[in-house]
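Colleague: I am sharing upload.cif, which consists of mmCIF, C-alpha atoms:
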data_final
#
loop_
_atom_site.label_atom_id
_atom_site.label_comp_id
_atom_site.auth_asym_id
_atom_site.auth_seq_id
_atom_site.Cartn_x
_atom_site.Cartn_y
_atom_site.Cartn_z
CA MET A 395 138.82 136.63 172.33
CA SER A 396 140.95 133.45 172.38
CA SER A 397 142.51 132.25 175.61
CA ASN A 398 145.85 133.24 174.13
CA ASP A 399 144.74 136.81 173.43
CA GLU A 400 143.18 136.91 176.84
CA ALA A 401 146.44 135.71 178.39
CA VAL A 402 148.78 138.18 176.75
CA GLY A 403 146.73 141.02 175.37
CA ALA A 404 144.82 142.50 178.23
CA GLY A 405 147.85 144.43 179.42
CA ASN A 406 147.17 148.15 179.39
CA ARG A 407 143.44 148.84 179.26
CA GLY A 408 141.92 151.01 181.99
CA HIS A 409 142.02 149.70 185.53
CA PRO A 410 145.06 147.49 186.25
CA THR A 411 142.79 144.54 187.10
CA ASN A 412 142.04 144.43 183.36
CA GLY A 413 145.68 143.43 182.94
CA LEU A 414 145.17 140.33 185.05
CA SER A 415 144.59 137.25 182.93
CA ASP A 416 142.55 134.36 184.34
CA THR A 417 144.91 131.93 182.62
CA VAL A 418 148.02 133.44 184.19
CA HIS A 419 146.64 134.81 187.47
CA GLN A 420 145.72 131.37 188.84
CA ARG A 421 148.32 130.86 191.57
CA ASN A 422 149.85 127.59 190.35
CA ARG A 423 149.97 128.68 186.72
CA LEU A 424 151.60 131.95 187.81
CA GLY A 425 154.13 129.84 189.73
CA ILE A 426 154.79 127.60 186.71
CA LEU A 427 155.36 130.58 184.42
CA THR A 428 157.55 132.33 187.01
CA ILE A 429 159.81 129.30 187.33
CA ALA A 430 159.86 128.57 183.59
CA ALA A 431 160.84 132.19 182.86
CA GLU A 432 163.91 131.75 185.07
CA ALA A 433 165.39 128.97 182.95
CA GLU A 434 165.93 127.75 179.41
CA ARG A 435 163.68 124.82 180.33
CA VAL A 436 162.48 123.22 183.53
CA GLU A 437 161.66 119.63 184.34
CA VAL A 438 158.15 118.66 185.45
CA ALA A 439 159.51 116.92 188.57
CA TYR A 440 161.13 120.20 189.69
CA LEU A 441 157.85 122.09 189.20
CA ARG A 442 155.96 119.42 191.16
CA ASP A 443 158.37 119.71 194.11
CA ALA A 444 158.79 123.50 194.01
CA LEU A 445 155.03 124.19 193.83
CA GLU A 446 154.05 121.20 195.99
CA LEU A 447 151.51 119.98 193.48
CA THR A 448 150.23 116.49 192.76
CA ALA A 449 151.13 115.05 189.34
CA GLY A 450 147.48 115.23 188.23
CA ASN A 451 147.03 118.87 189.20
CA LEU A 452 150.29 119.93 187.63
CA SER A 453 149.36 118.10 184.44
CA ARG A 454 146.02 119.97 184.25
CA HIS A 455 147.67 123.37 184.73
CA LEU A 456 150.32 122.54 182.13
CA ALA A 457 147.60 121.56 179.65
CA VAL A 458 145.88 124.95 180.16
CA LEU A 459 149.14 126.84 179.62
CA GLU A 460 150.06 124.76 176.59
CA GLU A 461 146.59 125.30 175.12
CA ALA A 462 147.13 129.08 175.47
CA ASP A 463 150.56 128.77 173.75
CA LEU A 464 152.28 130.08 176.88
CA ILE A 465 154.53 127.02 177.27
CA GLN A 466 155.88 124.20 175.16
CA ILE A 467 156.09 120.68 176.53
CA GLU A 468 159.01 118.48 175.41
CA ARG A 469 158.89 114.79 176.18
CA GLY A 470 162.06 112.73 175.98
CA TYR A 471 164.37 110.33 177.73
CA HIS A 472 167.51 110.75 179.79
CA GLY A 473 169.07 107.32 179.50
CA ARG A 474 166.14 105.03 180.13
CA ARG A 475 164.26 107.47 182.33
CA PRO A 476 161.46 109.46 180.73
CA LYS A 477 161.77 113.21 181.31
CA THR A 478 159.29 115.96 180.51
CA TRP A 479 160.61 119.49 180.11
CA ILE A 480 158.69 122.77 180.00
CA ARG A 481 159.86 125.73 177.96
CA ILE A 482 158.16 129.14 178.24
CA THR A 483 157.21 130.70 174.89
CA GLU A 484 157.59 134.37 173.92
CA GLN A 485 153.83 134.74 174.48
CA GLY A 486 154.31 133.19 177.90
CA GLN A 487 157.07 135.69 178.72
CA ALA A 488 154.82 138.54 177.56
CA ALA A 489 151.83 137.25 179.55
CA LEU A 490 153.93 136.89 182.70
CA ALA A 491 155.39 140.39 182.26
CA ALA A 492 151.85 141.81 181.75
CA GLU A 493 150.63 140.05 184.89
CA ILE A 494 153.52 141.34 186.99
CA ASN A 495 153.13 144.86 185.60
CA ALA A 496 149.41 144.78 186.42
CA LEU A 497 150.17 143.60 189.97
CA ARG A 498 152.76 146.38 190.40
CA GLU A 499 150.29 148.95 189.11
CA LEU A 500 147.61 147.66 191.49
CA LEU A 501 150.09 147.85 194.36
CA ARG A 502 151.08 151.41 193.39
CA ARG A 503 147.41 152.53 193.28
CA HIS A 504 146.71 150.80 196.57
CA GLN A 505 149.65 152.57 198.23
CA GLU A 506 148.61 155.94 196.75
CA PHE A 507 145.04 155.38 197.99
CA ARG A 508 146.27 154.52 201.50
CA ALA A 509 148.57 157.54 201.57
CA ALA A 510 145.68 159.81 200.53
CA THR A 511 143.27 158.55 203.23
CA MET B 261 140.75 122.46 194.42
CA SER B 262 142.93 119.70 195.84
CA ASP B 263 146.24 121.49 195.37
CA ARG B 264 148.40 121.21 198.45
CA SER B 265 150.40 124.23 197.41
CA SER B 266 152.01 126.46 199.98
CA THR B 267 154.82 127.85 197.86
CA ALA B 268 152.89 128.97 194.78
CA PRO B 269 151.56 132.52 194.74
CA ASN B 270 148.00 132.62 196.07
CA SER B 271 145.43 134.46 193.93
CA GLY B 272 143.64 135.49 197.10
CA ASP B 273 146.74 137.33 198.32
CA THR B 274 147.19 141.08 198.01
CA PRO B 275 149.28 142.30 195.04
CA ALA B 276 152.19 142.90 197.42
CA GLU B 277 152.00 139.32 198.75
CA LEU B 278 151.67 137.93 195.23
CA LEU B 279 154.70 139.88 194.02
CA ALA B 280 156.66 138.74 197.08
CA SER B 281 155.76 135.10 196.31
CA VAL B 282 156.83 135.54 192.68
CA THR B 283 160.14 137.07 193.79
CA ALA B 284 160.71 134.24 196.27
CA LEU B 285 160.08 131.63 193.55
CA GLN B 286 162.44 133.45 191.18
CA ARG B 287 165.19 133.57 193.84
CA ARG B 288 164.76 129.92 194.76
CA THR B 289 164.84 128.74 191.14
CA ARG B 290 167.85 130.91 190.38
CA ALA B 291 169.72 129.55 193.39
CA VAL B 292 169.07 125.97 192.25
CA ARG B 293 169.98 126.79 188.64
CA ASN B 294 173.19 128.77 189.35
CA ALA B 295 176.27 126.64 188.68
CA TYR B 296 178.94 129.21 187.87
CA TRP B 297 181.39 128.05 190.49
CA LEU B 298 182.80 125.50 188.05
CA PRO B 299 183.65 127.91 185.17
CA LEU B 300 185.22 130.31 187.71
CA LEU B 301 187.41 127.64 189.30
CA LEU B 302 188.15 126.02 185.93
CA PHE B 303 189.40 129.21 184.26
CA GLY B 304 191.20 130.33 187.44
CA LEU B 305 193.06 127.00 187.51
CA LEU B 306 193.80 127.09 183.76
CA MET B 307 195.29 130.55 184.27
CA ALA B 308 197.42 129.35 187.19
CA ALA B 309 198.55 126.31 185.20
CA ALA B 310 199.80 128.61 182.42
CA ALA B 311 202.11 130.43 184.87
CA PRO B 312 205.38 128.62 183.95
CA LEU B 313 204.93 129.67 180.31
CA TYR B 314 204.97 133.35 181.32
CA VAL B 315 208.40 133.05 183.02
CA GLU B 316 211.48 133.97 181.01
CA SER B 317 214.73 132.01 181.44
CA VAL B 318 216.73 135.24 181.91
CA ASP B 319 215.87 138.88 182.59
CA PRO B 320 214.82 140.35 179.21
CA LEU B 321 216.90 143.34 178.13
CA ALA B 322 213.92 144.78 176.27
CA MET B 323 210.54 143.64 175.01
CA ARG B 324 210.94 140.75 172.60
CA GLY B 325 209.01 140.96 169.35
CA GLY B 326 208.72 139.83 165.77
CA GLN B 327 208.72 136.07 166.38
CA ASP B 328 207.71 133.95 163.42
CA ASN B 329 205.14 131.76 165.21
CA PRO B 330 202.29 129.90 163.46
CA ALA B 331 199.03 131.89 163.21
CA LEU B 332 197.22 129.37 165.44
CA THR B 333 199.52 130.33 168.34
CA GLY B 334 198.38 133.98 168.20
CA LEU B 335 196.87 133.76 171.69
CA GLY B 336 200.37 133.41 173.17
CA GLY B 337 201.44 136.83 171.93
CA ASP B 338 204.87 137.84 170.72
CA PHE B 339 206.81 139.16 173.73
CA LEU B 340 207.47 135.93 175.60
CA GLU B 341 210.19 133.39 175.14
CA ARG B 342 207.62 130.59 175.03
CA SER B 343 204.90 132.49 173.13
CA ALA B 344 204.27 129.63 170.69
CA THR B 345 203.80 127.04 173.45
CA LEU B 346 201.63 129.51 175.37
CA GLY B 347 199.56 130.04 172.23
CA TRP B 348 198.93 126.31 171.77
CA TYR B 349 198.15 126.02 175.49
CA TRP B 350 195.55 128.79 175.47
CA LEU B 351 193.98 127.57 172.24
CA ALA B 352 193.40 124.13 173.78
CA ALA B 353 192.54 125.54 177.25
CA LEU B 354 189.93 128.04 176.01
CA ILE B 355 188.17 125.67 173.59
CA GLY B 356 188.35 122.80 176.10
CA GLY B 357 187.25 125.07 178.96
CA TYR B 358 184.20 126.37 177.13
CA LEU B 359 183.14 122.93 175.89
CA LEU B 360 183.58 121.50 179.40
CA SER B 361 181.46 124.39 180.77
CA LEU B 362 178.72 123.58 178.24
CA TRP B 363 178.76 119.92 179.28
CA TRP B 364 178.71 120.98 182.94
CA TYR B 365 175.64 123.19 182.52
CA ARG B 366 173.82 120.44 180.60
CA TRP B 367 174.66 117.85 183.30
CA HIS B 368 173.76 120.20 186.15
CA GLY B 369 170.48 121.16 184.45
CA VAL B 370 169.43 117.52 184.08
CA ARG B 371 170.44 116.79 187.67
CA VAL B 372 168.49 119.63 189.30
CA GLY B 373 165.71 119.89 186.70
CA VAL B 374 166.33 123.55 185.79
CA GLN B 375 168.52 124.40 182.80
CA THR B 376 170.55 127.58 182.30
CA PRO B 377 170.76 128.74 178.65
CA ALA B 378 174.57 128.32 178.52
CA ARG B 379 174.95 128.20 174.74
CA PRO B 380 175.41 132.00 174.27
CA TYR B 381 178.22 131.88 176.88
CA VAL B 382 180.04 129.14 174.98
CA ILE B 383 179.48 130.91 171.65
CA ALA B 384 180.91 134.14 173.15
CA GLY B 385 183.96 132.21 174.36
CA ILE B 386 184.62 130.42 171.08
CA VAL B 387 184.08 133.61 169.03
CA GLY B 388 186.42 135.45 171.45
CA THR B 389 189.05 132.73 170.92
CA ILE B 390 188.80 133.09 167.13
CA VAL B 391 189.01 136.89 167.47
CA GLY B 392 192.13 136.39 169.62
CA LEU B 393 193.73 134.46 166.77
CA VAL B 394 192.78 136.88 164.00
CA LEU B 395 193.10 140.20 165.83
CA PRO B 396 196.93 140.39 166.10
CA ILE B 397 197.20 139.91 162.33
CA VAL B 398 194.62 142.63 161.65
CA LEU B 399 196.14 145.02 164.22
CA ARG B 400 199.66 144.59 162.83
CA TYR B 401 198.35 145.18 159.33
CA LEU B 402 196.57 148.36 160.47
CA LEU B 403 199.64 149.63 162.31
CA LEU B 404 202.34 148.72 159.83
CA ASN B 405 200.82 148.19 156.39
CA THR B 406 198.31 150.99 155.96
CA ALA B 407 198.75 154.64 155.04
CA THR B 408 200.16 156.80 157.83
CA ALA B 409 196.84 158.64 158.15
CA VAL B 410 194.98 155.34 158.77
CA SER B 411 197.54 153.91 161.20
CA SER B 412 197.75 157.21 163.13
CA ALA B 413 193.95 157.55 163.32
CA THR B 414 193.51 154.00 164.65
CA SER B 415 196.63 153.75 166.84
CA TRP B 416 194.73 154.82 170.00
CA VAL B 417 192.88 151.48 169.87
CA THR B 418 195.26 149.26 167.88
CA THR B 419 198.35 149.89 170.05
CA PRO B 420 196.83 148.95 173.45
CA LEU B 421 195.01 145.94 171.97
CA LEU B 422 198.19 144.75 170.30
CA GLY B 423 199.99 145.24 173.64
CA ILE B 424 197.45 142.99 175.40
CA SER B 425 197.81 140.42 172.64
CA ASP B 426 201.63 140.56 172.58
CA ARG B 427 201.84 140.05 176.35
CA GLY B 428 199.81 136.83 175.93
CA MET B 429 196.90 138.31 177.87
CA PHE B 430 194.17 138.26 175.22
CA PRO B 431 192.89 134.92 176.63
CA HIS B 432 192.26 136.80 179.91
CA LEU B 433 190.02 139.22 178.00
CA VAL B 434 188.21 136.33 176.27
CA ILE B 435 187.53 134.82 179.71
CA ALA B 436 186.29 138.21 181.01
CA VAL B 437 183.85 138.64 178.12
CA GLY B 438 182.61 135.06 178.55
CA LEU B 439 182.02 135.59 182.28
CA LEU B 440 180.13 138.85 181.72
CA VAL B 441 177.86 137.04 179.24
CA LEU B 442 177.45 134.18 181.72
CA ALA B 443 176.57 136.62 184.53
CA ARG B 444 173.71 137.92 182.40
CA LEU B 445 172.49 134.41 181.59
CA GLU B 446 172.77 133.30 185.22
CA ARG B 447 171.08 136.55 186.38
CA SER B 448 173.51 136.45 189.26
CA ARG B 449 174.70 139.54 191.12
CA GLY B 450 177.55 137.54 192.68
CA LEU B 451 178.91 136.46 189.31
CA THR B 452 178.43 139.97 187.90
CA VAL B 453 180.61 141.36 190.72
CA VAL B 454 183.32 138.69 190.23
CA ALA B 455 183.31 139.13 186.43
CA ALA B 456 183.45 142.95 186.70
CA VAL B 457 186.29 142.92 189.28
CA TYR B 458 188.20 140.37 187.19
CA ALA B 459 187.70 142.37 183.96
CA ALA B 460 188.80 145.56 185.77
CA ALA B 461 191.96 143.80 187.03
CA VAL B 462 192.84 142.61 183.51
CA VAL B 463 192.28 146.08 182.07
CA LEU B 464 194.23 147.86 184.85
CA VAL B 465 197.22 145.53 184.57
CA ASN B 466 197.37 146.17 180.85
CA ILE B 467 196.93 149.93 181.26
CA TYR B 468 199.90 149.87 183.64
CA PHE B 469 202.07 148.03 181.11
CA GLN B 470 200.87 150.29 178.30
CA THR B 471 201.51 153.56 180.10
CA ALA B 472 204.68 152.70 182.07
CA ASN B 473 207.69 153.83 180.14
CA PHE B 474 209.86 150.77 180.61
CA GLU B 475 213.60 151.16 180.17
CA PRO B 476 215.85 148.16 179.45
CA GLY B 477 216.37 146.37 182.75
CA ASP B 478 213.05 147.50 184.28
CA LEU B 479 211.43 144.15 183.51
CA ASN B 480 212.64 140.95 185.07
CA ARG B 481 211.93 137.35 184.09
CA TYR B 482 208.79 137.29 186.28
CA SER B 483 207.21 140.61 185.21
CA LEU B 484 204.78 139.17 182.65
CA LEU B 485 204.04 136.22 184.94
CA LEU B 486 202.85 138.65 187.63
CA ALA B 487 200.71 140.49 185.08
CA ALA B 488 199.14 137.26 183.81
CA LEU B 489 198.65 135.70 187.22
CA LEU B 490 197.27 138.73 189.09
CA PRO B 491 193.63 138.29 187.96
CA ALA B 492 193.56 134.51 188.65
CA PRO B 493 192.93 134.71 192.44
CA ILE B 494 189.77 136.75 191.76
CA LEU B 495 188.30 133.81 189.83
CA LEU B 496 189.56 131.23 192.33
CA VAL B 497 188.21 133.11 195.37
CA GLY B 498 184.91 133.91 193.61
CA GLY B 499 184.51 130.28 192.49
CA GLY B 500 185.44 129.00 195.95
CA ILE B 501 182.84 131.19 197.66
CA ALA B 502 180.18 130.16 195.12
CA LEU B 503 181.04 126.48 195.66
CA LEU B 504 180.83 126.86 199.45
CA ASN B 505 177.42 128.54 199.12
CA THR B 506 176.22 125.68 196.87
CA ILE B 507 177.41 123.06 199.39
CA LYS B 508 175.79 125.02 202.25
CA ARG B 509 172.48 125.22 200.37
CA SER B 510 172.39 121.53 199.53
CA ALA B 511 173.40 120.44 203.06
#
Please re-express this file's structure in structure tokens.
Modeller:
Amino acid sequence: MSSNDEAVGAGNRGHPTNGLSDTVHQRNRLGILTIAAEAERVEVAYLRDALELTAGNLSRHLAVLEEADLIQIERGYHGRRPKTWIRITEQGQAALAAEINALRELLRRHQEFRAAT
Amino acid sequence: MSDRSSTAPNSGDTPAELLASVTALQRRTRAVRNAYWLPLLLFGLLMAAAAPLYVESVDPLAMRGGQDNPALTGLGGDFLERSATLGWYWLAALIGGYLLSLWWYRWHGVRVGVQTPARPYVIAGIVGTIVGLVLPIVLRYLLLNTATAVSSATSWVTTPLLGISDRGMFPHLVIAVGLLVLARLERSRGLTVVAAVYAAAVVLVNIYFQTANFEPGDLNRYSLLLAALLPAPILLVGGGIALLNTIKRSA
């Protein structure tokens, strides 16, 4: 299974933990996808500040997400200043939705279990 | 891992904590991205600036109609003394307003680093403007130039729409549709409320004019001004509150 399939396709099989993707579930990558899904595109500097990441760490997480086709990276200039923008792909939207659904399902089962005991 | 993250969701958290972190990130990003105060204030001010064109020089004896204005002034309607000028005004104001909004969202997005997809909002506004120009011609054709069966069957929708258009209030509808589209793009409850209240005000004012059985002398020179100006404070107050919240957040 490719990292892409693993990221978006594990949605609805058996236990909800099967819906959690290693690519997406990592806390910073989940944060990046969450922010990117809220906008048409988001600048790397905003992600760095919002997630309190170092440039090197952010760059590594972005590379993983780009490799899995979950985001697109656009490099350009605003005036003379270089700007790098991140755009979430449709696969990225699907992977994020699958992750959140899996988390909700886990939470529901956890609450049902606690209510039963 | 050397991440110094405290705001990102933590994989070690429980699902509830993770979902709460995701929601907090969504809210924070949305708050930074939201910039709808400008379109609200802009269109509220454009509406207020159009006020003099809705005033008649004398009390009208009955509804005016059948003016031979150019097709491009269709947004100004047919009932007002200065319908043609009003039509040119709204044509320039709507196109200018939507293009300025697009520029504003681009500029704001670059400044804060999070861009709202504003293009569908501008497309909705420009398409609405074109519809506002073409619709009166189509409606008149349906009402007056088609077989009685066709005009009778469609009059329940053509008559009220033509009334809105003739009173020079179709631009208000175009603004309402644009704001409802923008509320969806902004994912903002505040803007949804403002847009819905504004749209309801526009519709109610026009229902009143459509259903009231006006006799000659019932309308005075300010009647259509009141109708056209009534929804403007909703946009101005909504935009003002949104601007204050933005200033408060950035302070």
Colleague: Rounded to one decimal in Å, what is the spacing between CA of Ala488 in chain A and CA of Thr417 in chain A?
Modeller: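 Answer for the CA of Ala488 in chain A to CA of Thr417 in chain A separation: 12.9 Å.
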Colleague: When the PyMOL selection byres ((chain A) within 7 of (chain B)) is applied to the structure above, which residues does it catch, written out as an MDAnalysis selection string?
Modeller: chainID A and resid 419:422 424:425 428:429 432:437 440 445:448 451 497 500:501
Colleague: Quote the spacing between CA of Thr471 in chain B and CA of Leu489 in chain B in Å to one decimal place.
Modeller: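 Between these atoms lies a distance of 19.4 Å.
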Colleague: Convert the output of the PyMOL selection byres ((chain B and resi 310-317) around 9) on the shown file into explicit residues, formatted as a ChimeraX atom specification.
Modeller: /B:305-309,318-320,340-343,345-346,349-350,427-428,480-486,488-489
Colleague: List the residues matched by the PyMOL selection byres ((chain B and resi 351-361) around 7) in the displayed structure as JSON, numbers by chain, ordered by chain and then by residue number.
Modeller: {"B": [299, 306, 335, 347, 348, 349, 350, 362, 363, 364, 365, 382, 385, 386, 389]}
Colleague: Give me, please, the distance in Å between CA of Asn473 in chain B and CA of Ser412 in chain B, quoted to one decimal.
Modeller: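 Between these atoms lies a distance of 20.0 Å.
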Colleague: For range 467-475 of chain A, list every protein, DNA or RNA residue within 9 Å, evaluated using only C-alpha atoms, and leave out those in the same chain fewer than 6 positions away; present the list as a list in words.
Modeller: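 These residues fall inside the cut-off: Leu456, Glu460, Arg481 and Ile482 of chain A; Val370 of chain B.
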Colleague: Deliver the residues from the most recent selection as a file, using C-alpha atoms, as a PDB file, in the frame of the given file.
Modeller:
ATOM      1  CA  LEU A 456     150.320 122.540 182.130  1.00  0.00           C
ATOM      2  CA  GLU A 460     150.060 124.760 176.590  1.00  0.00           C
ATOM      3  CA  ARG A 481     159.860 125.730 177.960  1.00  0.00           C
ATOM      4  CA  ILE A 482     158.160 129.140 178.240  1.00  0.00           C
TER       5      ILE A 482
ATOM      6  CA  VAL B 370     169.430 117.520 184.080  1.00  0.00           C
TER       7      VAL B 370
END
